[in-house]
Amino acid sequence: MRLLECKDNNEFSLTKDLINNIPAYTILFHMWGDDDREVTYEDLMEGLGKSKARYQKIRFCGEQATRDGIRYFWVDTCCINKTNAVKLQKSINSMFRWYRHAVKCYVYLSDVSIPNDFYLNLESVFQTARWFTRGWTLQELLAPSSVESFSADYKRIGDKVSLERLIHKRTGILIVALRGYDPTQFSVDERVSWVAKRDTKHEEDMAYSLLGIFDIFLPLIYGEGRENAFRRLREEVSKRYDFNKLPKSGVEDHSKFTVPFVRDPKFVGREDIIQEIANRLEIQRRVALCGIGGIG
């Protein structure tokens with residue numbers, strides 16, 4: 001794992017490839033732009049990159065890490081040598097673990113701006129922010145314990161705790177998973193449903209982005225196509241969990257309705273109870289409503 005180290009002159013440089021004794025670090029979560037605008041590993045090794053449009057978000061991450069008292073940080077665009085197939089594969093298979101061990105993670109929402117003296121409608125912001133629609137950002141939401149969101153003008157919006165209900169509403173991920181993801185607590189279908197409406201640049205990444213979610217490892221074969229990537233993922237999940245429930249074509253809608261009754265139009269009132277049930281269902285899967293028979 002290569003990190004960026006903040007220097008005393010407000011510059012930063014890549015560390016050697018760290019294996020043991022990795023220091024405390026932060027991570028930047030962001031949406032990739034065009035390849036020629038992102039700062040790459042080669043740019044940093046050659047002392048280039050400052051003139052690229054996306055350099056500023058890397059500098060922001062370093063400055064925010066320094067404000068939080070952390071000297072090291074990691075950014076996927078420039079900390080991975082993507083020309084080295086072995087390094088790339090190791091990094092992608094390690095990302096979930098790296099995210100989980102990070103002290104803090106910063107989400108940079110490049111399409112969200114907050115003008116001064118402007119009332120921010122967070123629900124509206126989350127509905128339009130494209131970061132929530134990307135395949136790789138699923139594990140970025142689940143793995144770390146501390147995630148803080150920032151606007152394009154580097155203003156803090158909130159953290160995963162304060163924004164959990166909005167994140168749940170935007171993504172469909174249960175709040176209990178956002179608070180502490182345990183892969184043994186969620187079915188295969190449920191986890192696949194979280195990525196169903198997301199997009200990735202490369203079609204194979206839709207499957208590869210689930211590796212950390214299922215705690216499995218696969219060799220990356222870009223060019224194999226989505227169907228083959230999901231076939232290999234299904235096979236590995238079946239070995240690991242001893243069942244095979246991943247949809248054959250990747251992701252499908254697994255919505256279910258099991259109560260064979262329509263809502264009674266004569267039923268009125270109980271709004272407080274209904275709202276409490278709705279609130280609890282954001283956090284947990286099931287709610288039992290108990291009472292004496294015949295009292296409604």
# chains A, B, ... in the order shown; residues from 1 in each chain; ligands from 1
>>> closest_atom_pairs(of="stretch 11-48 of chain A", to="stretch 77-99 of chain A", cutoff="6 Å", atoms="only C-alpha atoms", output="tab-separated table")
residue	atom	partner	partner_atom	distance
A:Val39	CA	A:Cys78	CA	5.9
A:Thr40	CA	A:Cys78	CA	4.2
A:Tyr41	CA	A:Cys78	CA	4.1
>>> residues_around(residues="A:Val125", least_positions_apart="5", cutoff="10 Å", atoms="only C-alpha atoms", output="JSON, numbers by chain")
{"A": [109, 111, 112, 113, 114, 120, 130, 151, 157, 166]}
>>> residues_around(residues="A:Val287", least_positions_apart="5", cutoff="12 Å", atoms="only C-alpha atoms", output="compact mmCIF listing (two decimals) with N, CA and C atoms, in the first residue's frame")
# COMPACT_ATOMS: atom_id res chain seq x y z
N ILE A 273 -48.12 5.52 15.27
CA ILE A 273 -47.63 4.14 15.26
C ILE A 273 -47.08 3.79 13.88
N ILE A 274 -47.80 4.18 12.84
CA ILE A 274 -47.36 3.89 11.47
C ILE A 274 -46.01 4.56 11.20
N GLU A 276 -43.76 5.36 13.44
CA GLU A 276 -42.74 4.66 14.23
C GLU A 276 -42.31 3.37 13.54
N ILE A 277 -43.27 2.65 12.94
CA ILE A 277 -42.94 1.44 12.19
C ILE A 277 -42.04 1.78 11.01
N ALA A 278 -42.41 2.84 10.27
CA ALA A 278 -41.60 3.25 9.11
C ALA A 278 -40.18 3.62 9.54
N ASN A 279 -40.06 4.33 10.65
CA ASN A 279 -38.73 4.73 11.13
C ASN A 279 -37.89 3.51 11.50
N ARG A 280 -38.51 2.54 12.16
CA ARG A 280 -37.77 1.34 12.58
C ARG A 280 -37.37 0.49 11.38
N LEU A 281 -38.21 0.46 10.33
CA LEU A 281 -37.89 -0.34 9.15
C LEU A 281 -36.73 0.24 8.35
N GLU A 282 -36.37 1.49 8.60
CA GLU A 282 -35.18 2.05 7.98
C GLU A 282 -33.93 1.46 8.60
>>> closest_residue(among="A:Lys57, A:Lys160, A:Gly47, A:Glu235", to="A:Val176", atoms="only C-alpha atoms")
A:Lys160
>>> atom_distance(atom1="atom CA of A:Leu218", atom2="atom CA of A:Arg170")
29.4 Å
>>> select_by_dssp(residues="stretch 1-169 of chain A", states="helix (DSSP H, G or I)", output="ChimeraX atom specification")
/A:35-37,41-45,55-67,76-79,85-101,122-128,130-133,137-142,164-169
>>> residues_around(residues="A:Tyr154", least_positions_apart="3", cutoff="8 Å", atoms="only C-alpha atoms", output="ChimeraX atom specification")
/A:60,108,150-151
>>> write_last_selection(atoms="C-alpha atoms", output="PDB file, in the first residue's frame")
ATOM      1  CA  PHE A  60      -7.763  19.257  -0.340  1.00  0.00           C
ATOM      2  CA  TYR A 108     -15.708  14.803  -2.215  1.00  0.00           C
ATOM      3  CA  PHE A 150     -17.656  17.722   1.538  1.00  0.00           C
ATOM      4  CA  SER A 151     -18.950  19.887  -1.294  1.00  0.00           C
TER       5      SER A 151
END
>>> select_by_dssp(residues="stretch 37-270 of chain A", states="strand (DSSP E)", output="PyMOL selection string")
chain A and resi 72-74+104-108+147-150+156-159
>>> closest_atom_pairs(of="stretch 16-86 of chain A", to="stretch 133-149 of chain A", cutoff="9 Å", atoms="only C-alpha atoms", output="JSON lines")
{"residue": "A:Phe29", "atom": "CA", "partner": "A:Glu140", "partner_atom": "CA", "distance": 7.1}
{"residue": "A:His30", "atom": "CA", "partner": "A:Thr137", "partner_atom": "CA", "distance": 8.3}
{"residue": "A:Met31", "atom": "CA", "partner": "A:Arg134", "partner_atom": "CA", "distance": 7.9}
>>> write_last_selection(atoms="C-alpha atoms", output="PDB file, in the first residue's frame")
ATOM      1  CA  PHE A  29     -13.634   9.064  -1.955  1.00  0.00           C
ATOM      2  CA  HIS A  30     -14.550  10.793  -5.200  1.00  0.00           C
ATOM      3  CA  MET A  31     -15.907  10.308  -8.707  1.00  0.00           C
TER       4      MET A  31
END
>>> closest_residue(among="A:Leu122, A:Glu203, A:Gly291, A:Arg191", to="A:Glu164", atoms="only C-alpha atoms")
A:Leu122
>>> atom_distance(atom1="atom CA of A:Leu28", atom2="atom CA of A:Ile58")
7.8 Å
>>> closest_residue(among="A:Asp68, A:Asp153, A:Glu224, A:Glu63", to="A:His202", atoms="only C-alpha atoms")
A:Glu224
